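Here's model_33.txt, which has compact mmCIF, C-alpha atoms:
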```txt
# COMPACT_ATOMS: atom_id res chain seq x y z
CA GLU U 895 20.35 32.20 8.71
CA LYS U 896 18.49 32.61 11.99
CA GLY U 897 15.18 34.39 11.62
CA SER U 898 14.98 33.89 7.87
CA SER U 899 12.12 31.98 6.28
CA PHE U 900 12.18 29.43 3.49
CA PRO U 901 11.60 31.09 0.09
CA THR U 902 8.35 29.27 -0.64
CA GLY U 903 7.64 31.56 -3.57
CA GLY U 904 10.47 29.94 -5.47
CA VAL U 905 9.20 26.38 -5.07
CA LEU U 906 6.81 26.70 -8.01
CA PRO U 907 7.60 29.33 -10.71
CA LYS U 908 4.09 30.76 -10.90
CA GLU U 909 5.32 34.33 -11.26
CA GLU U 910 7.78 33.43 -14.03
CA THR U 911 5.14 31.53 -16.00
CA GLY U 912 2.44 34.16 -15.51
CA ALA U 913 0.13 31.77 -13.65
CA ALA U 914 0.08 33.87 -10.47
CA LYS U 915 -0.64 37.10 -12.38
CA PHE U 916 -3.48 35.42 -14.27
CA ILE U 917 -5.22 34.33 -11.05
CA ARG U 918 -4.73 37.76 -9.47
CA GLU U 919 -6.44 39.35 -12.45
CA ASN U 920 -9.06 36.59 -12.75
CA PRO U 921 -9.57 35.18 -9.21
CA LEU U 922 -12.48 32.98 -10.23
CA PHE U 923 -10.55 31.43 -13.14
CA ASP U 924 -8.48 29.20 -10.87
CA GLY U 925 -9.56 25.83 -12.20
CA ARG U 926 -12.84 25.62 -10.31
CA GLY U 927 -15.32 23.46 -12.15
CA CYS U 928 -12.52 21.49 -13.85
CA ARG U 929 -11.48 17.92 -13.22
CA VAL U 930 -7.89 16.90 -13.87
CA ALA U 931 -6.80 13.26 -14.11
CA ILE U 932 -3.28 12.58 -12.89
CA PHE U 933 -1.78 9.57 -14.72
CA ASP U 934 1.19 8.74 -12.54
CA THR U 935 2.39 6.76 -9.49
CA GLY U 936 -0.85 7.52 -7.65
CA VAL U 937 -2.12 10.43 -5.55
CA ASP U 938 -2.03 10.35 -1.75
CA PRO U 939 -5.51 11.30 -0.43
CA GLY U 940 -4.16 12.32 2.95
CA VAL U 941 -1.53 14.87 1.94
CA ALA U 942 -1.79 18.52 2.99
CA GLY U 943 -2.93 20.89 0.26
CA LEU U 944 -4.99 18.25 -1.51
CA GLN U 945 -8.00 18.26 0.78
CA VAL U 946 -10.33 21.01 -0.49
CA THR U 947 -10.59 23.27 -3.52
CA SER U 948 -10.53 27.07 -3.37
CA ASP U 949 -14.35 27.06 -3.43
CA GLY U 950 -14.69 24.47 -0.66
CA ARG U 951 -15.32 21.25 -2.60
CA PRO U 952 -13.43 17.97 -2.04
CA LYS U 953 -10.10 18.11 -3.85
CA ILE U 954 -9.45 14.43 -4.64
CA ILE U 955 -12.70 12.92 -5.89
CA ASP U 956 -11.40 9.50 -6.90
CA VAL U 957 -8.28 7.35 -6.64
CA VAL U 958 -7.95 4.14 -8.66
CA ASP U 959 -5.24 1.60 -9.47
CA CYS U 960 -5.19 0.94 -13.22
CA THR U 961 -2.22 -1.45 -13.06
CA GLY U 962 -3.69 -4.46 -11.27
CA SER U 963 -0.92 -4.42 -8.65
CA GLY U 964 -3.43 -3.87 -5.86
CA ASP U 965 -5.98 -6.45 -7.01
CA VAL U 966 -7.09 -9.14 -4.55
CA ASP U 967 -9.18 -12.17 -5.50
CA THR U 968 -12.04 -12.20 -2.99
CA SER U 969 -14.24 -14.79 -4.66
CA GLU U 970 -13.97 -17.17 -1.66
CA GLU U 971 -17.12 -16.87 0.47
CA ARG U 972 -17.45 -18.11 4.05
CA GLU U 973 -20.03 -17.89 6.79
CA ILE U 974 -19.33 -15.99 10.01
CA ASP U 975 -19.31 -17.92 13.29
CA SER U 976 -22.20 -16.11 14.97
CA ALA U 977 -21.22 -17.27 18.46
CA THR U 978 -17.78 -15.64 18.33
CA ASN U 979 -18.21 -13.19 15.43
CA THR U 980 -15.12 -14.67 13.81
CA VAL U 981 -14.14 -16.26 10.52
CA THR U 982 -11.03 -18.17 9.47
CA GLY U 983 -9.07 -16.08 6.97
CA LEU U 984 -7.24 -17.49 3.98
CA SER U 985 -3.98 -17.08 5.92
CA GLY U 986 -5.30 -19.51 8.52
CA ARG U 987 -5.64 -16.77 11.13
CA THR U 988 -8.83 -16.44 13.10
CA LEU U 989 -10.22 -13.04 12.19
CA GLN U 990 -12.14 -11.20 14.89
CA LEU U 991 -14.70 -9.06 13.09
CA GLY U 992 -16.27 -5.82 14.21
CA HIS U 993 -19.96 -5.27 14.92
CA TRP U 994 -20.76 -4.41 11.32
CA LYS U 995 -24.07 -4.73 9.55
CA ILE U 996 -23.82 -7.93 7.48
CA PRO U 997 -27.37 -9.15 6.68
CA THR U 998 -26.21 -12.36 4.94
CA ASN U 999 -23.82 -13.33 7.77
CA LYS U 1000 -21.33 -14.18 5.00
CA VAL U 1001 -18.09 -12.51 3.95
CA ARG U 1002 -15.72 -12.80 1.02
CA LEU U 1003 -12.07 -13.45 1.79
CA GLY U 1004 -8.80 -12.66 0.08
CA LEU U 1005 -5.07 -12.58 0.72
CA LYS U 1006 -2.55 -9.92 -0.32
CA ARG U 1007 1.24 -9.75 -0.17
CA ALA U 1008 2.11 -6.26 1.04
CA PHE U 1009 5.33 -6.14 -0.98
CA GLU U 1010 3.25 -6.23 -4.18
CA ILE U 1011 1.92 -2.75 -3.43
CA PHE U 1012 4.55 -1.11 -1.22
CA PRO U 1013 6.55 1.63 -2.95
CA GLY U 1014 10.22 0.79 -3.42
CA GLY U 1015 11.57 2.97 -0.61
CA LEU U 1016 9.14 1.60 1.98
CA LYS U 1017 9.66 -1.98 0.82
CA GLY U 1018 13.44 -1.59 1.20
CA ARG U 1019 13.12 -0.11 4.69
CA ILE U 1020 10.71 -2.78 5.88
CA LYS U 1021 12.93 -5.54 4.46
CA LYS U 1022 15.94 -4.12 6.24
CA GLU U 1023 14.16 -3.91 9.58
CA ARG U 1024 12.69 -7.40 9.27
CA LYS U 1025 16.14 -8.75 8.38
CA THR U 1026 17.57 -7.12 11.51
CA GLU U 1027 14.86 -8.81 13.57
CA PHE U 1028 15.61 -12.15 11.90
CA ASP U 1029 19.36 -11.74 12.48
CA GLU U 1030 18.84 -11.19 16.20
CA LYS U 1031 16.66 -14.27 16.57
CA HIS U 1032 18.92 -16.38 14.35
CA HIS U 1033 22.05 -15.34 16.29
CA LYS U 1034 20.34 -16.29 19.55
CA ALA U 1035 19.33 -19.71 18.16
CA VAL U 1036 22.87 -20.41 16.86
CA THR U 1037 24.41 -19.37 20.18
CA GLU U 1038 22.09 -21.69 22.10
CA ALA U 1039 22.79 -24.58 19.72
CA GLN U 1040 26.57 -24.11 19.96
CA ARG U 1041 26.35 -23.87 23.75
CA ALA U 1042 24.35 -27.10 23.85
CA LEU U 1043 27.01 -28.84 21.73
CA SER U 1044 29.87 -27.51 23.90
CA GLU U 1045 28.14 -28.63 27.09
CA TRP U 1046 27.52 -32.07 25.60
CA GLU U 1047 31.19 -32.46 24.61
CA ALA U 1048 32.33 -31.37 28.08
CA SER U 1049 30.12 -33.97 29.75
CA HIS U 1050 30.84 -36.85 27.33
CA LYS U 1051 34.60 -37.47 27.27
CA SER U 1052 34.20 -41.08 26.13
CA PRO U 1053 30.80 -41.24 24.42
CA SER U 1054 29.19 -44.51 23.43
CA GLU U 1055 27.85 -45.14 19.91
CA VAL U 1056 24.35 -44.14 20.98
CA GLU U 1057 25.67 -40.95 22.60
CA ARG U 1058 27.59 -40.08 19.44
CA ARG U 1059 24.24 -39.96 17.64
CA GLU U 1060 23.14 -37.32 20.12
CA LYS U 1061 26.18 -35.28 19.14
CA LYS U 1062 25.34 -35.64 15.45
CA ASP U 1063 21.83 -34.37 16.15
CA LEU U 1064 23.26 -31.29 17.88
CA GLU U 1065 25.66 -30.69 14.98
CA ALA U 1066 22.78 -31.10 12.53
CA VAL U 1067 20.87 -28.31 14.29
CA ILE U 1068 23.80 -25.92 13.83
CA GLU U 1069 24.16 -26.93 10.19
CA ALA U 1070 20.44 -26.45 9.57
CA LEU U 1071 20.55 -22.98 11.13
CA SER U 1072 23.51 -22.09 8.91
CA GLU U 1073 21.67 -23.26 5.77
CA ALA U 1074 18.55 -21.38 6.83
CA TYR U 1075 20.55 -18.17 7.05
CA GLU U 1076 22.10 -18.66 3.61
CA GLN U 1077 18.69 -19.34 2.07
CA TYR U 1078 16.96 -16.43 3.81
CA ALA U 1079 14.29 -14.72 1.70
CA ASP U 1080 11.58 -12.38 2.93
CA PRO U 1081 8.23 -12.63 1.11
CA GLY U 1082 6.96 -9.77 3.26
CA PRO U 1083 3.79 -9.38 5.32
CA VAL U 1084 0.67 -11.17 4.12
CA TRP U 1085 -2.65 -9.46 4.76
CA ASP U 1086 -6.07 -11.02 5.18
CA CYS U 1087 -8.85 -9.13 3.37
CA VAL U 1088 -12.54 -9.25 4.23
CA VAL U 1089 -15.29 -8.00 1.91
CA PHE U 1090 -18.99 -7.88 2.75
CA HIS U 1091 -22.26 -6.22 1.70
CA ASP U 1092 -23.97 -4.14 4.37
CA GLY U 1093 -27.31 -4.10 2.58
CA SER U 1094 -26.57 -1.02 0.49
CA LYS U 1095 -22.84 -1.02 -0.35
CA TRP U 1096 -19.91 -3.37 -0.62
CA ARG U 1097 -17.36 -2.68 2.11
CA ALA U 1098 -13.98 -4.13 3.03
CA VAL U 1099 -11.30 -4.20 5.71
CA VAL U 1100 -7.66 -5.23 5.45
CA ASP U 1101 -5.62 -6.72 8.31
CA THR U 1102 -2.54 -4.57 7.67
CA GLU U 1103 -1.11 -5.39 11.10
CA SER U 1104 -1.43 -9.15 10.54
CA THR U 1105 -2.92 -9.70 14.02
CA GLY U 1106 -6.32 -11.07 13.04
CA ASP U 1107 -8.05 -8.42 15.16
CA LEU U 1108 -10.32 -6.38 12.91
CA SER U 1109 -12.81 -5.48 15.63
CA LYS U 1110 -11.77 -1.82 15.71
CA SER U 1111 -11.24 -1.42 11.97
CA THR U 1112 -13.52 0.88 9.99
CA PRO U 1113 -14.81 -0.80 6.81
CA LEU U 1114 -14.28 1.26 3.67
CA THR U 1115 -16.28 1.35 0.47
CA ASN U 1116 -15.24 2.65 -2.96
CA TYR U 1117 -13.25 5.83 -2.43
CA ARG U 1118 -15.38 7.97 -4.74
CA ASP U 1119 -18.51 7.17 -2.71
CA GLU U 1120 -17.36 8.39 0.71
CA LEU U 1121 -13.86 9.85 0.10
CA LYS U 1122 -12.33 7.91 2.98
CA TYR U 1123 -8.91 6.29 3.25
CA ALA U 1124 -6.91 4.32 5.81
CA THR U 1125 -3.26 4.17 6.87
CA VAL U 1126 -1.05 1.09 7.18
CA GLY U 1127 -0.26 0.61 10.86
CA GLY U 1128 2.57 -1.38 12.42
CA VAL U 1129 4.28 -3.94 10.19
CA THR U 1130 5.10 -7.33 11.69
CA ASN U 1131 8.72 -7.99 12.71
CA THR U 1132 9.75 -4.32 12.58
CA LYS U 1133 10.37 -1.76 15.28
CA ASP U 1134 8.39 0.90 13.44
CA THR U 1135 5.02 1.89 14.85
CA ALA U 1136 3.71 2.67 11.37
CA ALA U 1137 4.61 2.27 7.73
CA LEU U 1138 3.13 5.73 7.03
CA LEU U 1139 1.34 4.60 3.88
CA ASN U 1140 -2.19 5.75 3.06
CA TYR U 1141 -4.44 3.54 0.95
CA VAL U 1142 -7.96 3.48 -0.44
CA LEU U 1143 -10.18 0.54 -1.31
CA ASN U 1144 -12.27 -0.11 -4.39
CA ILE U 1145 -14.51 -3.15 -4.81
CA TYR U 1146 -15.47 -4.68 -8.15
CA GLU U 1147 -17.39 -7.61 -9.66
CA ASP U 1148 -20.03 -7.84 -6.92
CA GLY U 1149 -17.44 -8.22 -4.20
CA LYS U 1150 -15.33 -10.80 -6.00
CA LYS U 1151 -12.40 -8.44 -6.51
CA LEU U 1152 -10.94 -5.95 -4.07
CA CYS U 1153 -8.33 -3.39 -5.05
CA ILE U 1154 -5.96 -1.87 -2.48
CA THR U 1155 -4.72 1.38 -3.99
CA CYS U 1156 -1.67 3.22 -2.68
CA ASP U 1157 1.17 5.23 -4.19
CA ALA U 1158 3.96 3.44 -6.04
CA GLY U 1159 6.07 6.54 -5.39
CA SER U 1160 5.78 10.22 -4.49
CA HIS U 1161 5.89 11.63 -8.04
CA GLY U 1162 2.13 11.53 -8.68
CA THR U 1163 1.28 13.36 -5.47
CA HIS U 1164 3.98 15.93 -6.29
CA VAL U 1165 2.45 16.47 -9.74
CA ALA U 1166 -1.06 16.79 -8.29
CA GLY U 1167 0.26 19.49 -5.97
CA ILE U 1168 1.81 21.44 -8.86
CA VAL U 1169 -1.46 21.23 -10.75
CA ALA U 1170 -4.01 21.98 -8.05
CA ALA U 1171 -2.71 22.24 -4.47
CA ASN U 1172 -4.79 24.59 -2.32
CA PHE U 1173 -3.48 26.02 0.96
CA PRO U 1174 -6.08 28.55 2.21
CA ASP U 1175 -3.73 29.86 4.90
CA SER U 1176 -0.58 29.81 2.74
CA PRO U 1177 -1.64 30.68 -0.81
CA GLU U 1178 2.00 31.03 -1.89
CA LEU U 1179 2.11 27.21 -1.74
CA ASN U 1180 -0.87 26.79 -4.07
CA GLY U 1181 -0.63 24.96 -7.36
CA VAL U 1182 -1.46 26.70 -10.63
CA ALA U 1183 -5.16 25.77 -10.42
CA PRO U 1184 -6.20 25.57 -6.74
CA GLY U 1185 -9.86 25.35 -7.69
CA ALA U 1186 -9.54 22.18 -9.77
CA GLN U 1187 -10.49 18.72 -8.57
CA ILE U 1188 -8.21 15.71 -8.93
CA VAL U 1189 -8.81 12.15 -10.14
CA GLY U 1190 -5.79 10.02 -9.29
CA CYS U 1191 -5.16 7.24 -11.84
CA LYS U 1192 -2.26 5.03 -10.83
CA ILE U 1193 -0.48 3.78 -13.96
CA GLY U 1194 2.86 3.00 -12.26
CA ASP U 1195 2.85 -0.69 -11.36
CA SER U 1196 4.34 -1.27 -7.89
CA ARG U 1197 5.44 -4.76 -8.98
CA LEU U 1198 7.49 -3.27 -11.83
CA GLY U 1199 9.29 -0.54 -9.94
CA SER U 1200 6.47 1.92 -10.79
CA MET U 1201 6.84 1.43 -14.55
CA GLU U 1202 3.68 2.00 -16.57
CA THR U 1203 2.09 -0.51 -18.95
CA GLY U 1204 -0.12 -0.12 -22.01
CA THR U 1205 -2.97 -1.86 -20.24
CA GLY U 1206 -2.71 0.54 -17.30
CA LEU U 1207 -2.81 3.55 -19.63
CA VAL U 1208 -5.89 2.30 -21.47
CA ARG U 1209 -7.70 1.61 -18.20
CA ALA U 1210 -6.76 5.10 -16.97
CA LEU U 1211 -8.14 6.69 -20.14
CA ILE U 1212 -11.40 4.82 -19.73
CA HIS U 1213 -11.71 5.91 -16.10
CA ALA U 1214 -10.85 9.54 -16.87
CA LYS U 1215 -13.63 9.59 -19.44
CA GLU U 1216 -16.10 7.98 -17.02
CA MET U 1217 -15.26 10.61 -14.40
CA GLY U 1218 -15.79 13.47 -16.84
CA CYS U 1219 -12.24 14.78 -16.65
CA ASP U 1220 -11.44 17.91 -18.64
CA LEU U 1221 -7.67 17.45 -18.66
CA ILE U 1222 -5.13 14.66 -18.24
CA ASN U 1223 -1.63 15.20 -16.87
CA LEU U 1224 0.83 12.54 -18.02
CA SER U 1225 4.36 13.54 -17.03
CA TYR U 1226 5.50 9.96 -17.20
CA GLY U 1227 7.20 7.52 -19.54
CA GLU U 1228 10.45 6.50 -21.20
CA SER U 1229 12.19 7.08 -24.51
CA TYR U 1230 10.42 5.78 -27.61
CA THR U 1231 11.24 4.68 -31.13
CA TYR U 1232 8.02 5.39 -33.01
CA GLU U 1233 5.82 8.36 -32.20
CA ASN U 1234 2.04 8.56 -32.50
CA THR U 1235 1.59 4.79 -32.63
CA GLY U 1236 0.35 2.06 -30.30
CA ARG U 1237 -2.78 1.16 -28.36
CA VAL U 1238 -3.16 4.51 -26.58
CA ILE U 1239 -3.08 6.49 -29.84
CA GLU U 1240 -5.42 4.00 -31.54
```
Render the structure in this file as structure tokens.
Amino acid sequence: EKGSSFPTGGVLPKEETGAAKFIRENPLFDGRGCRVAIFDTGVDPGVAGLQVTSDGRPKIIDVVDCTGSGDVDTSEEREIDSATNTVTGLSGRTLQLGHWKIPTNKVRLGLKRAFEIFPGGLKGRIKKERKTEFDEKHHKAVTEAQRALSEWEASHKSPSEVERREKKDLEAVIEALSEAYEQYADPGPVWDCVVFHDGSKWRAVVDTESTGDLSKSTPLTNYRDELKYATVGGVTNTKDTAALLNYVLNIYEDGKKLCITCDAGSHGTHVAGIVAANFPDSPELNGVAPGAQIVGCKIGDSRLGSMETGTGLVRALIHAKEMGCDLINLSYGESYTYENTGRVIE
């Protein structure tokens, strides 16, 4: 109805559960001073409501991938061409670096398939758009090949044996194009990764646009150190200007392993909002503990349709302990046969 507003108070049943009344009666008991680990599909560091706590501290203090889906082997080390400030990436592209502080003049390189970390919905959309792009180019190539064959037949009414070979070559092109279409498979974008030490911290950049131009990219360090994230820009062979996917970077093993961490789905961010969202200007949208801080532990493996694994859970437990978390939210999982057993319980 015109003029009516959305009933935001009904989005989260804080009144029904008594959470809202409790905070009204105890305004300082809103989760401040507590750290909550979210074991889920990941937590988006750029989403509204998850930026600051009710007492002004950073809301999301760490985001990690416990599944291994975002891991990149960056053990390969190469020297930068000082004359051009470039290096050849593992994809074969020439990577134009920015004017970053790299005392050793050496970088570590890696390669990552984007489809290994994209959430299912984004992966499906990108595949569809890339297929449309391929179809247009393939149709154009087939049309040109068929036109070439038709023109040849029109100009060779009585071809010689040698000329017949020309015709076979033209027919072979059409056949090859047909087979290529039947065997079409899209491995997705492949990103070059660059890791380096600036004298005090390991930092990294990822060529998410697959252009080789990293000159304007801002190197990131471990998320917990500076609380910074980046956003995937345009994806090759699509008409989209952006994939609208935020990611953070974490670097391990003295620069030999980079981890690109992004959501495997929206569920984890949704859960984090229920737990601790804080909207200073719209408190009716707050979670039940707007003062709490969040540690996002991704246990949903993007390669497995966001399914969790035992290894991911154990890694998440270790990290939650290291970060001094007071609570863990695990609204995740499938049916089970035996309760209170397994590696996590042990």
Sorted per-residue table, region 1178-1222 of chain U near region 1161-1168 of chain U, closest atoms and distance, 8 Å, only C-alpha atoms, as JSON lines:
```
{"residue": "U:Asn1180", "atom": "CA", "partner": "U:Gly1167", "partner_atom": "CA", "distance": 7.6}
{"residue": "U:Gly1181", "atom": "CA", "partner": "U:Ile1168", "partner_atom": "CA", "distance": 4.5}
{"residue": "U:Val1182", "atom": "CA", "partner": "U:Ile1168", "partner_atom": "CA", "distance": 6.4}
{"residue": "U:Ile1188", "atom": "CA", "partner": "U:Ala1166", "partner_atom": "CA", "distance": 7.3}
```
inquiry  = When you look at Leu989 (chain U) with a cut-off of 10 Å (counting only C-alpha atoms), what residues show up, excluding the ones that are within fewer than 3 positions of it in the same chain? I need them as a list of chain:residue names.
reply    = U:Ile974, U:Asn979, U:Thr980, U:Val981, U:Thr982, U:Gly983, U:Leu984, U:Ser985, U:Gly986, U:Gly992, U:Asp1086, U:Cys1087, U:Val1088, U:Asp1101, U:Ser1104, U:Thr1105, U:Gly1106, U:Asp1107, U:Leu1108, U:Ser1109
ask   = Could you pull the residues within 9 Å of Asp938 (chain U), counting only C-alpha atoms, minus those fewer than 2 positions along the same chain, as a ChimeraX atom specification?
value = /U:936,940-941,944,954,957,1139-1141,1156-1157,1160,1162-1163,1190
ask   = How many Å lie between CA of Leu1152 (chain U) and CA of Glu1023 (chain U), rounded to one decimal?
value =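 Computing the Euclidean distance for CA of Leu1152 (chain U) and CA of Glu1023 (chain U) yields 28.6 Å.
The two atoms in question, CA of Ile1145 (chain U) and CA of Asn1116 (chain U), are spaced 6.1 Å apart.
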Output as JSON the centre and edge lengths (Å, one decimal) of the box along x, y and z of the file that holds every listed atom of region 924-937 of chain U after adding 3 Å on each side.
```
{"center_x": -6.5, "center_y": 18.0, "center_z": -10.1, "size_x": 23.7, "size_y": 28.4, "size_z": 15.2}
```
message = If I take CA of Phe916 (chain U) and CA of Pro952 (chain U), how far is one from the other in Å, to one decimal?
response =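 Calculated distance between CA of Phe916 (chain U) and CA of Pro952 (chain U) is 23.5 Å.
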Surrounding residues of Asp965 (chain U) excluding itself and chain neighbours under 3 positions, 10 Å, only C-alpha atoms, as a VMD selection string = chain U and resid 959 to 962 968 1004 to 1006 1010 to 1011 1143 to 1146 1151 to 1155
Output file for the residues above (C-alpha atoms, as a CSV table (one decimal), in the coordinates of the input):
```
chain,number,residue,atom,x,y,z
U,959,ASP,CA,-5.2,1.6,-9.5
U,960,CYS,CA,-5.2,0.9,-13.2
U,961,THR,CA,-2.2,-1.4,-13.1
U,962,GLY,CA,-3.7,-4.5,-11.3
U,968,THR,CA,-12.0,-12.2,-3.0
U,1004,GLY,CA,-8.8,-12.7,0.1
U,1005,LEU,CA,-5.1,-12.6,0.7
U,1006,LYS,CA,-2.6,-9.9,-0.3
U,1010,GLU,CA,3.2,-6.2,-4.2
U,1011,ILE,CA,1.9,-2.8,-3.4
U,1143,LEU,CA,-10.2,0.5,-1.3
U,1144,ASN,CA,-12.3,-0.1,-4.4
U,1145,ILE,CA,-14.5,-3.2,-4.8
U,1146,TYR,CA,-15.5,-4.7,-8.2
U,1151,LYS,CA,-12.4,-8.4,-6.5
U,1152,LEU,CA,-10.9,-6.0,-4.1
U,1153,CYS,CA,-8.3,-3.4,-5.0
U,1154,ILE,CA,-6.0,-1.9,-2.5
U,1155,THR,CA,-4.7,1.4,-4.0
```
remark   = The residue from U:Val1100, U:Cys928, U:Ala977, U:Ala1186 with the smallest atom-to-atom distance to Gly1127 (chain U), counting all atoms listed in the file, is U:Val1100
inquiry  = If we count all atoms listed in the file and set the cut-off at 8 Å, which residues sit around Ser1196 (chain U), ignoring sequence neighbours fewer than 4 positions away in its own chain? Please answer as a list of chain:residue names.
reply    =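 Answer for this query is U:Ser963, U:Glu1010, U:Ile1011, U:Phe1012, U:Pro1013, U:Gly1014, U:Ala1158, U:Ser1200, U:Met1201.
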Can you spit out the residues from that selection as an mmCIF file, in the frame of the given file, using C-alpha atoms?
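What ended up in selection.cif:
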```cif
data_model
loop_
_atom_site.group_PDB
_atom_site.id
_atom_site.type_symbol
_atom_site.label_atom_id
_atom_site.label_comp_id
_atom_site.auth_asym_id
_atom_site.auth_seq_id
_atom_site.Cartn_x
_atom_site.Cartn_y
_atom_site.Cartn_z
ATOM 1 C CA SER U 963 -0.920 -4.420 -8.650
ATOM 2 C CA GLU U 1010 3.250 -6.230 -4.180
ATOM 3 C CA ILE U 1011 1.920 -2.750 -3.430
ATOM 4 C CA PHE U 1012 4.550 -1.110 -1.220
ATOM 5 C CA PRO U 1013 6.550 1.630 -2.950
ATOM 6 C CA GLY U 1014 10.220 0.790 -3.420
ATOM 7 C CA ALA U 1158 3.960 3.440 -6.040
ATOM 8 C CA SER U 1200 6.470 1.920 -10.790
ATOM 9 C CA MET U 1201 6.840 1.430 -14.550
#
```
ask   = Can you tell me, as a count of residues only, what residues are no more than 8 Å from Ala1008 (chain U) when counting only C-alpha atoms, ignoring any on the same chain fewer than 4 positions away?
value = 5
query = Which of these residues is nearest to Ile996 (chain U), using only C-alpha atoms: U:Lys1062, U:Lys1095, U:Arg1118, U:Arg1197?
reply =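 Ranking U:Lys1062, U:Lys1095, U:Arg1118, U:Arg1197 by distance to Ile996 (chain U), first place goes to U:Lys1095.
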request  = Tell me which of U:Leu1198, U:Ile955, U:Pro1081, U:Ile1222 sits closest to Tyr1123 (chain U), counting only C-alpha atoms.
outcome  =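 Ranked by minimum distance to Tyr1123 (chain U), first place goes to U:Ile955.
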